[in-house]
>>> print(open('protein-v9.cif').read())   # mmCIF, C-alpha atoms
data_upload
#
loop_
_atom_site.label_atom_id
_atom_site.label_comp_id
_atom_site.auth_asym_id
_atom_site.auth_seq_id
_atom_site.Cartn_x
_atom_site.Cartn_y
_atom_site.Cartn_z
CA MET A 21 44.59 -25.35 -9.77
CA ALA A 22 41.03 -25.28 -11.06
CA ALA A 23 39.73 -24.49 -7.59
CA GLY A 24 42.31 -21.71 -7.23
CA GLY A 25 41.33 -20.25 -10.62
CA GLY A 26 37.64 -20.29 -9.64
CA ALA A 27 38.33 -18.54 -6.35
CA GLY A 28 40.43 -15.93 -8.14
CA ARG A 29 37.64 -15.32 -10.62
CA TRP A 30 35.16 -14.80 -7.79
CA LEU A 31 37.54 -12.35 -6.11
CA CYS A 32 37.90 -10.45 -9.38
CA ALA A 33 34.11 -10.28 -9.70
CA ALA A 34 33.75 -8.93 -6.17
CA ALA A 35 36.48 -6.36 -6.82
CA ALA A 36 34.71 -5.33 -10.02
CA LEU A 37 31.46 -4.78 -8.17
CA LEU A 38 33.20 -2.65 -5.55
CA GLN A 39 34.98 -0.67 -8.27
CA ALA A 40 31.73 -0.06 -10.11
CA ALA A 41 30.00 1.04 -6.95
CA ALA A 42 32.79 3.45 -6.09
CA LEU A 43 33.54 4.92 -9.54
CA GLY A 44 30.21 4.61 -11.31
CA PRO A 45 29.15 2.83 -14.46
CA SER A 46 31.42 4.77 -16.78
CA ALA A 47 34.52 3.60 -14.89
CA ALA A 48 33.26 0.04 -14.61
CA PHE A 49 32.53 -0.22 -18.29
CA SER A 50 35.17 1.92 -19.93
CA SER A 51 35.27 0.16 -23.28
CA SER A 52 32.38 0.66 -25.72
CA SER A 53 31.56 -1.03 -28.99
CA SER A 54 33.24 0.01 -32.23
CA SER A 55 29.94 0.92 -33.87
CA SER A 56 29.02 3.22 -30.97
CA ALA A 57 32.39 4.94 -31.14
CA SER A 58 32.24 5.45 -34.90
CA PHE A 59 28.71 6.86 -34.73
CA SER A 60 29.63 9.22 -31.89
CA ILE A 61 32.63 10.56 -33.79
CA SER A 62 30.72 11.06 -37.03
CA ALA A 63 27.76 12.68 -35.29
CA GLY A 64 29.85 15.00 -33.18
CA SER A 65 31.02 15.41 -29.56
CA PRO A 66 30.92 18.27 -27.03
CA GLY A 67 34.28 19.72 -28.12
CA GLU A 68 34.02 19.09 -31.88
CA PRO A 69 33.81 22.43 -33.79
CA ARG A 70 32.57 21.00 -37.12
CA SER A 71 29.22 19.94 -35.63
CA ARG A 72 26.54 22.38 -34.51
CA VAL A 73 24.60 19.67 -32.66
CA ARG A 74 24.84 20.15 -28.90
CA VAL A 75 25.51 16.89 -27.06
CA LEU A 76 23.45 16.73 -23.87
CA GLY A 77 24.08 14.60 -20.81
CA GLY A 78 23.15 14.33 -17.19
CA SER A 79 25.37 17.28 -16.26
CA ASN A 80 24.07 19.85 -18.77
CA TRP A 81 20.54 18.74 -19.68
CA SER A 82 19.08 21.67 -17.69
CA LEU A 83 20.15 23.98 -20.54
CA VAL A 84 17.05 22.76 -22.34
CA LEU A 85 14.90 24.58 -19.78
CA GLN A 86 15.99 27.96 -21.23
CA GLY A 87 15.29 29.13 -24.77
CA GLN A 88 13.99 27.13 -27.72
CA TRP A 89 15.39 23.65 -28.39
CA MET A 90 14.93 20.63 -30.63
CA VAL A 91 16.38 17.51 -28.99
CA GLU A 92 16.77 14.07 -30.52
CA PHE A 93 17.10 10.88 -28.50
CA TYR A 94 18.97 8.22 -30.46
CA ALA A 95 20.98 5.02 -30.14
CA PRO A 96 24.03 4.09 -32.27
CA TRP A 97 22.54 0.72 -33.23
CA CYS A 98 19.17 2.18 -34.31
CA PRO A 99 18.73 2.11 -38.15
CA ALA A 100 16.15 4.93 -38.14
CA CYS A 101 18.50 7.07 -36.09
CA GLN A 102 21.28 6.48 -38.60
CA GLN A 103 18.98 7.49 -41.44
CA ILE A 104 18.24 10.94 -40.03
CA GLU A 105 21.82 11.55 -38.85
CA LEU A 106 22.71 13.79 -41.84
CA ILE A 107 19.31 15.49 -41.78
CA TRP A 108 19.79 16.37 -38.12
CA GLU A 109 23.24 17.81 -38.88
CA SER A 110 21.82 19.94 -41.70
CA PHE A 111 18.99 21.07 -39.40
CA ALA A 112 21.57 22.12 -36.80
CA LYS A 113 23.40 24.24 -39.41
CA GLU A 114 20.21 26.30 -39.84
CA SER A 115 19.84 26.78 -36.09
CA GLU A 116 21.08 30.40 -36.12
CA ARG A 117 18.60 31.39 -38.81
CA LEU A 118 15.81 29.56 -37.01
CA ASP A 119 16.82 31.04 -33.63
CA ILE A 120 16.88 27.58 -32.08
CA THR A 121 19.40 25.23 -30.47
CA VAL A 122 19.64 21.66 -31.76
CA GLY A 123 20.77 18.92 -29.40
CA LYS A 124 20.96 15.16 -29.12
CA VAL A 125 21.14 12.51 -26.39
CA ASP A 126 22.67 9.04 -26.72
CA VAL A 127 20.36 6.83 -24.66
CA THR A 128 23.01 4.12 -24.37
CA GLN A 129 25.32 6.55 -22.60
CA GLU A 130 22.63 8.56 -20.80
CA PRO A 131 19.95 6.14 -19.57
CA GLY A 132 18.99 8.62 -16.86
CA LEU A 133 17.97 11.22 -19.44
CA SER A 134 16.00 8.69 -21.44
CA GLY A 135 14.09 7.87 -18.27
CA ARG A 136 13.61 11.55 -17.41
CA PHE A 137 11.99 12.16 -20.83
CA PHE A 138 10.36 8.69 -20.73
CA VAL A 139 11.75 7.67 -24.11
CA THR A 140 10.19 4.40 -25.30
CA THR A 141 10.81 4.60 -29.07
CA LEU A 142 13.78 5.64 -31.16
CA PRO A 143 14.37 8.13 -32.49
CA THR A 144 12.32 10.47 -30.26
CA ILE A 145 12.33 14.23 -30.87
CA TYR A 146 11.19 16.84 -28.36
CA HIS A 147 10.60 20.56 -28.84
CA ALA A 148 11.25 22.71 -25.78
CA ASN A 149 10.40 26.38 -25.33
CA ASN A 150 11.45 27.86 -21.98
CA GLY A 151 10.86 24.62 -20.11
CA VAL A 152 7.61 23.66 -21.86
CA PHE A 153 8.05 20.35 -23.70
CA ARG A 154 6.15 19.01 -26.71
CA ARG A 155 6.62 15.72 -28.52
CA TYR A 156 7.40 16.11 -32.23
CA ARG A 157 5.45 13.52 -34.21
CA GLY A 158 5.79 14.93 -37.73
CA SER A 159 7.87 13.87 -40.66
CA ARG A 160 11.63 13.73 -40.20
CA THR A 161 12.53 15.58 -43.39
CA LEU A 162 14.55 18.78 -43.26
CA GLU A 163 11.72 20.89 -44.72
CA ASP A 164 9.19 19.63 -42.16
CA LEU A 165 11.58 20.24 -39.29
CA GLN A 166 12.28 23.80 -40.44
CA GLY A 167 8.58 24.49 -41.06
CA TYR A 168 7.72 23.21 -37.57
CA VAL A 169 9.94 25.93 -36.12
CA LEU A 170 9.45 28.79 -38.59
CA GLU A 171 5.65 28.48 -38.80
CA LYS A 172 5.41 27.79 -35.04
CA LYS A 173 3.42 24.66 -35.58
CA TRP A 174 4.47 23.59 -32.12
CA GLN A 175 1.90 25.98 -30.66
CA ALA A 176 -0.88 23.69 -31.90
CA VAL A 177 0.63 20.69 -30.12
CA GLU A 178 -0.48 19.90 -26.59
CA PRO A 179 2.39 20.26 -24.09
CA VAL A 180 3.58 17.40 -21.92
CA ALA A 181 1.60 17.13 -18.67
CA GLY A 182 3.15 18.72 -15.62
CA TRP A 183 3.66 15.45 -13.78
CA LYS A 184 5.44 14.01 -16.87
CA SER A 185 7.61 17.07 -17.37
CA PRO A 186 11.36 16.24 -17.24
CA SER A 187 11.79 18.73 -14.40
CA SER A 188 9.05 17.16 -12.22
CA ILE A 189 9.71 15.09 -9.10
CA MET A 190 8.26 11.93 -10.66
CA MET A 191 10.58 12.16 -13.66
CA HIS A 192 13.51 12.66 -11.30
CA GLY A 193 12.66 9.27 -9.81
CA MET A 194 12.20 7.76 -13.26
CA ALA A 195 15.62 9.08 -14.28
CA GLY A 196 17.19 7.41 -11.25
CA LEU A 197 15.47 4.12 -12.10
CA PHE A 198 16.68 4.16 -15.70
CA HIS A 199 20.16 5.14 -14.60
CA PHE A 200 20.23 2.25 -12.14
CA SER A 201 19.13 -0.20 -14.84
CA GLY A 202 21.87 1.06 -17.18
CA TRP A 203 24.40 0.74 -14.39
CA ILE A 204 23.40 -2.90 -13.82
CA ARG A 205 23.59 -3.64 -17.54
CA GLN A 206 27.08 -2.18 -17.79
CA ILE A 207 28.28 -4.15 -14.76
CA HIS A 208 26.91 -7.30 -16.35
CA SER A 209 28.78 -6.50 -19.56
CA TYR A 210 31.96 -5.87 -17.57
CA LEU A 211 31.64 -9.18 -15.69
CA THR A 212 30.95 -11.25 -18.79
CA GLY A 213 33.15 -9.38 -21.27
CA THR A 214 36.19 -8.09 -19.42
CA LEU A 215 36.45 -10.72 -16.64
CA GLY A 216 35.19 -13.61 -18.75
CA ILE A 217 32.63 -14.82 -16.21
CA HIS A 218 29.89 -17.02 -17.58
CA VAL A 219 26.55 -15.32 -18.15
CA TRP A 220 24.74 -17.58 -15.70
CA MET A 221 27.35 -16.91 -13.02
CA SER A 222 26.76 -13.20 -13.52
CA TYR A 223 23.05 -13.81 -13.06
CA VAL A 224 23.75 -15.73 -9.85
CA ILE A 225 25.85 -12.82 -8.55
CA PHE A 226 23.04 -10.36 -9.24
CA ILE A 227 20.47 -12.68 -7.67
CA LEU A 228 22.50 -13.05 -4.48
CA ALA A 229 23.13 -9.30 -4.36
CA THR A 230 19.42 -8.63 -4.85
CA LEU A 231 18.48 -11.04 -2.05
CA LEU A 232 21.00 -9.55 0.38
CA ILE A 233 19.99 -6.00 -0.42
CA GLY A 234 16.30 -6.95 -0.13
CA LEU A 235 16.85 -8.59 3.26
CA PHE A 236 18.79 -5.58 4.51
CA LEU A 237 16.18 -3.09 3.32
CA GLY A 238 13.38 -5.28 4.69
CA LEU A 239 15.07 -5.39 8.09
CA ILE A 240 15.40 -1.62 8.10
CA LEU A 241 11.75 -1.25 7.07
CA VAL A 242 10.62 -3.61 9.84
CA LEU A 243 12.62 -1.71 12.44
CA ILE A 244 11.20 1.62 11.27
CA SER A 245 7.63 0.30 11.20
CA ASP A 246 8.09 -1.26 14.65
CA CYS A 247 9.27 2.06 16.03
CA LEU A 248 6.47 4.05 14.39
CA CYS A 249 3.68 1.49 14.84
CA PRO A 250 4.43 -0.93 17.72
CA SER A 251 2.76 -4.32 17.79
CA LYS A 252 -0.48 -4.84 19.71
CA SER A 253 1.05 -7.16 22.33
CA LYS A 254 3.81 -4.71 23.08
CA TYR A 255 1.32 -1.88 23.13
CA ARG A 256 -0.96 -3.84 25.47
CA ASN A 257 1.92 -4.66 27.81
CA GLU A 258 3.03 -1.05 27.92
CA THR A 259 -0.56 0.06 28.44
CA SER A 260 -1.13 -2.46 31.24
CA GLU A 261 2.11 -1.44 32.92
CA ALA A 262 1.15 2.20 32.70
CA ILE A 263 -2.34 1.45 34.08
CA THR A 264 -0.88 -0.62 36.93
CA LYS A 265 1.56 2.13 37.80
CA GLU A 266 -1.21 4.69 37.69
CA ASN A 267 -3.41 2.50 39.91
CA VAL A 268 -0.61 2.13 42.44
CA GLU A 269 -0.09 5.87 42.52
CA ASN A 270 -3.81 6.48 42.86
CA ALA A 271 -4.03 3.90 45.64
CA ALA A 272 -1.15 5.56 47.49
CA LEU A 273 -2.90 8.89 47.20
CA GLU A 274 -6.30 7.51 48.19
CA GLU A 275 -5.11 5.61 51.30
CA PRO A 276 -5.21 8.67 53.66
CA GLU A 277 -8.60 9.63 52.29
CA GLU A 278 -9.90 6.09 52.76
CA ALA A 279 -8.53 6.01 56.32
CA ALA A 280 -10.29 9.28 57.13
CA GLU A 281 -13.46 8.01 55.52
CA LEU A 282 -13.21 4.74 57.47
CA SER A 283 -12.75 6.59 60.75
CA ALA A 284 -15.74 8.79 59.95
CA ASP A 285 -17.76 5.70 59.03
CA ASP A 286 -16.72 3.98 62.27
CA ALA A 287 -17.81 7.02 64.25
CA GLU A 288 -21.12 7.08 62.44
CA GLU A 289 -21.59 3.37 63.01
CA THR A 290 -20.82 3.80 66.73
CA THR A 291 -23.33 6.63 66.98
CA GLU A 292 -25.93 4.62 65.13
CA ALA A 293 -25.33 1.59 67.39
CA LYS A 294 -25.69 3.79 70.47
CA ASP A 295 -28.89 5.28 69.14
CA LEU A 296 -30.21 1.82 68.36
CA SER A 297 -29.37 0.60 71.89
CA ASP A 298 -31.13 3.65 73.39
CA GLU A 299 -34.15 3.01 71.23
CA GLU A 300 -34.17 -0.66 72.29
CA ASP A 301 -33.97 0.34 75.98
CA ALA A 302 -36.79 2.79 75.54
CA ALA A 303 -38.84 0.17 73.77
CA ASN A 304 -38.13 -2.37 76.52
CA SER A 305 -39.03 0.11 79.26
CA SER A 306 -42.27 1.04 77.51
CA ALA A 307 -43.08 -2.64 77.08
CA GLY A 308 -42.43 -3.24 80.82
CA ASP A 309 -44.66 -0.31 81.79
CA SER A 310 -47.42 -1.60 79.59
CA GLU A 311 -47.11 -5.06 81.14
CA GLU A 312 -47.29 -3.54 84.66
CA ASP A 313 -50.34 -1.53 83.69
CA LEU A 314 -51.96 -4.65 82.38
CA GLU A 315 -51.23 -6.51 85.65
CA LEU A 316 -52.55 -3.62 87.71
CA GLY A 317 -55.66 -3.52 85.57
CA LYS A 318 -56.15 -7.20 86.04
CA GLU A 319 -55.79 -6.88 89.84
CA SER A 320 -58.17 -3.96 90.03
CA GLY A 321 -60.67 -5.89 87.92
CA GLU A 322 -60.46 -8.86 90.21
CA GLU A 323 -60.94 -6.64 93.26
CA GLU A 324 -63.97 -5.02 91.72
CA THR A 325 -65.32 -8.45 90.87
CA GLU A 326 -64.81 -9.56 94.48
CA ASP A 327 -66.51 -6.41 95.74
CA LEU A 328 -69.45 -6.95 93.48
CA SER A 329 -69.73 -10.61 94.56
CA GLU A 330 -69.53 -9.70 98.24
CA GLN A 331 -72.18 -6.92 97.99
CA PRO A 332 -75.21 -9.26 97.38
CA ILE A 333 -74.13 -11.40 100.30
CA ALA A 334 -74.04 -8.37 102.57
CA ASP A 335 -77.46 -7.32 101.34
CA SER A 336 -78.86 -10.77 102.00
CA GLU A 337 -77.35 -10.75 105.48
CA THR A 338 -78.90 -7.35 106.21
CA GLU A 339 -82.31 -8.51 105.07
CA SER A 340 -82.09 -11.63 107.25
CA SER A 341 -81.10 -9.55 110.29
CA VAL A 342 -84.00 -7.20 109.63
CA ARG A 343 -86.36 -10.10 109.41
CA GLN A 344 -85.08 -11.55 112.66
CA ARG A 345 -85.58 -8.23 114.44
CA LYS A 346 -89.11 -7.92 113.13
CA SER A 347 -89.90 -11.47 114.34
CA GLN A 348 -88.47 -10.72 117.78
CA ALA A 349 -90.43 -7.51 117.99
CA ALA A 350 -93.63 -9.37 117.14
CA ASP A 351 -92.97 -11.96 119.76
CA ASN A 352 -92.37 -9.33 122.37
CA GLY A 353 -95.67 -7.63 121.58
CA LEU A 354 -97.59 -10.67 122.18
#
>>> encode(input="protein-v9.cif", output="structure tokens")
Amino acid sequence: MAAGGGAGRWLCAAAALLQAAALGPSAAFSSSSSSSASFSISAGSPGEPRSRVRVLGGSNWSLVLQGQWMVEFYAPWCPACQQIELIWESFAKESERLDITVGKVDVTQEPGLSGRFFVTTLPTIYHANNGVFRRYRGSRTLEDLQGYVLEKKWQAVEPVAGWKSPSSIMMHGMAGLFHFSGWIRQIHSYLTGTLGIHVWMSYVIFILATLLIGLFLGLILVLISDCLCPSKSKYRNETSEAITKENVENAALEEPEEAAELSADDAEETTEAKDLSDEEDAANSSAGDSEEDLELGKESGEEETEDLSEQPIADSETESSVRQRKSQAADNGL
């Protein structure tokens, strides 16, 4: 039975989360505290005729951008806010004479607006004139409030910077953040108050939900970053594949050109080889002719040497024959 009750409680918690996500924080946390209800009734509501204070919310806050306004941000549990409650009502009754609209915002019911105006202290009062906002930091007495408007003391106050203006993009994001925090707080109150879940169990539920949402958003972020900025290894692989494909295509295109170049080179090499062989033949023939000339020169030299050696012999023979003839002639004369 205890296990069945625990499982039923977990199912109720899950159903509550789904209901809050579908219907919003107001549907998830429908019951408010008795002090908040009593303060809201005494201070006035949108349809209450006896109050001249205009209640502002997320749906009608843009009215502040037109005309002159004095807006108070309060909380039902704030003692200072309760002290100026009657003063603010009296100030609103003089709104027609002052040509101004008086409004108020409950930060417990409108966390988005408190974030849009970046409310950090309570009560906080803003003066708005045609979309230009100024923080009221004077005394909260009725006379000072009326003098601030009648004497136009607001002109001496420096306006809120443009990036901190409630109508700026940054304050839109801040409003969403505050609204989300209020939504979480109300779900926590619903889980612990209405369903009776222990506070620590509610914390565990939020922790698990935060982890799951973080993992899901992280996965989406990784996928987006991987698509926009691929990793280096993947980029290198794709680059190498593209380079290889390009090289193959270039090789296919360059093959006919290389074949033509090779054939031209072969023809040139053949011509060069033929020229070299012709030059070698000419060199060999010239070398043979030179050798023959040398041999002929040697032979002619030898012949000349023989002729020169034979010439003295012939001369000696002629002289001896002459001598013999002279001797014979002398003998005959005797």
>>> atom_distance(input="protein-v9.cif", atom1="CA of Gln175 in chain A", atom2="CA of Thr140 in chain A")
23.7 Å
>>> closest_residue(input="protein-v9.cif", among="A:Ile189, A:Leu197, A:Val152, A:Val127", to="Met90 in chain A", atoms="all atoms listed in the file")
A:Val152
>>> closest_residue(input="protein-v9.cif", among="A:Ile204, A:Leu165, A:Val75, A:Ala95", to="Ile225 in chain A", atoms="all atoms listed in the file")
A:Ile204
>>> atom_distance(input="protein-v9.cif", atom1="CA of Gly193 in chain A", atom2="CA of Ser134 in chain A")
12.1 Å
>>> closest_residue(input="protein-v9.cif", among="A:Trp108, A:Tyr210, A:Phe137, A:Trp174", to="Gln88 in chain A", atoms="all atoms listed in the file")
A:Trp174
>>> residues_near_point(input="protein-v9.cif", point="(13.5, 4.2, -26.3)", cutoff="12 Å", atoms="only C-alpha atoms", output="list in words")
Glu92, Phe93, Tyr94, Ala95, Trp97, Cys98, Cys101, Val125, Asp126, Val127, Thr128, Glu130, Pro131, Gly132, Leu133, Ser134, Gly135, Arg136, Phe137, Phe138, Val139, Thr140, Thr141, Leu142, Pro143, Thr144, Ile145 and Phe198 of chain A
>>> residues_near_point(input="protein-v9.cif", point="(23.4, -7.8, -11.7)", cutoff="8 Å", atoms="all atoms listed in the file", output="list in words")
Ile204, Arg205, Ile207, His208, Ser222, Tyr223, Ile225, Phe226, Ile227, Ala229 and Thr230 of chain A
>>> atom_distance(input="protein-v9.cif", atom1="CA of Ala195 in chain A", atom2="CA of Gln103 in chain A")
27.4 Å
>>> closest_residue(input="protein-v9.cif", among="A:Lys124, A:Arg343, A:His147, A:Arg160", to="Gly87 in chain A", atoms="only C-alpha atoms")
A:His147
>>> closest_residue(input="protein-v9.cif", among="A:Gln129, A:Ser110, A:Ser115, A:Ser187", to="Leu76 in chain A", atoms="only C-alpha atoms")
A:Gln129
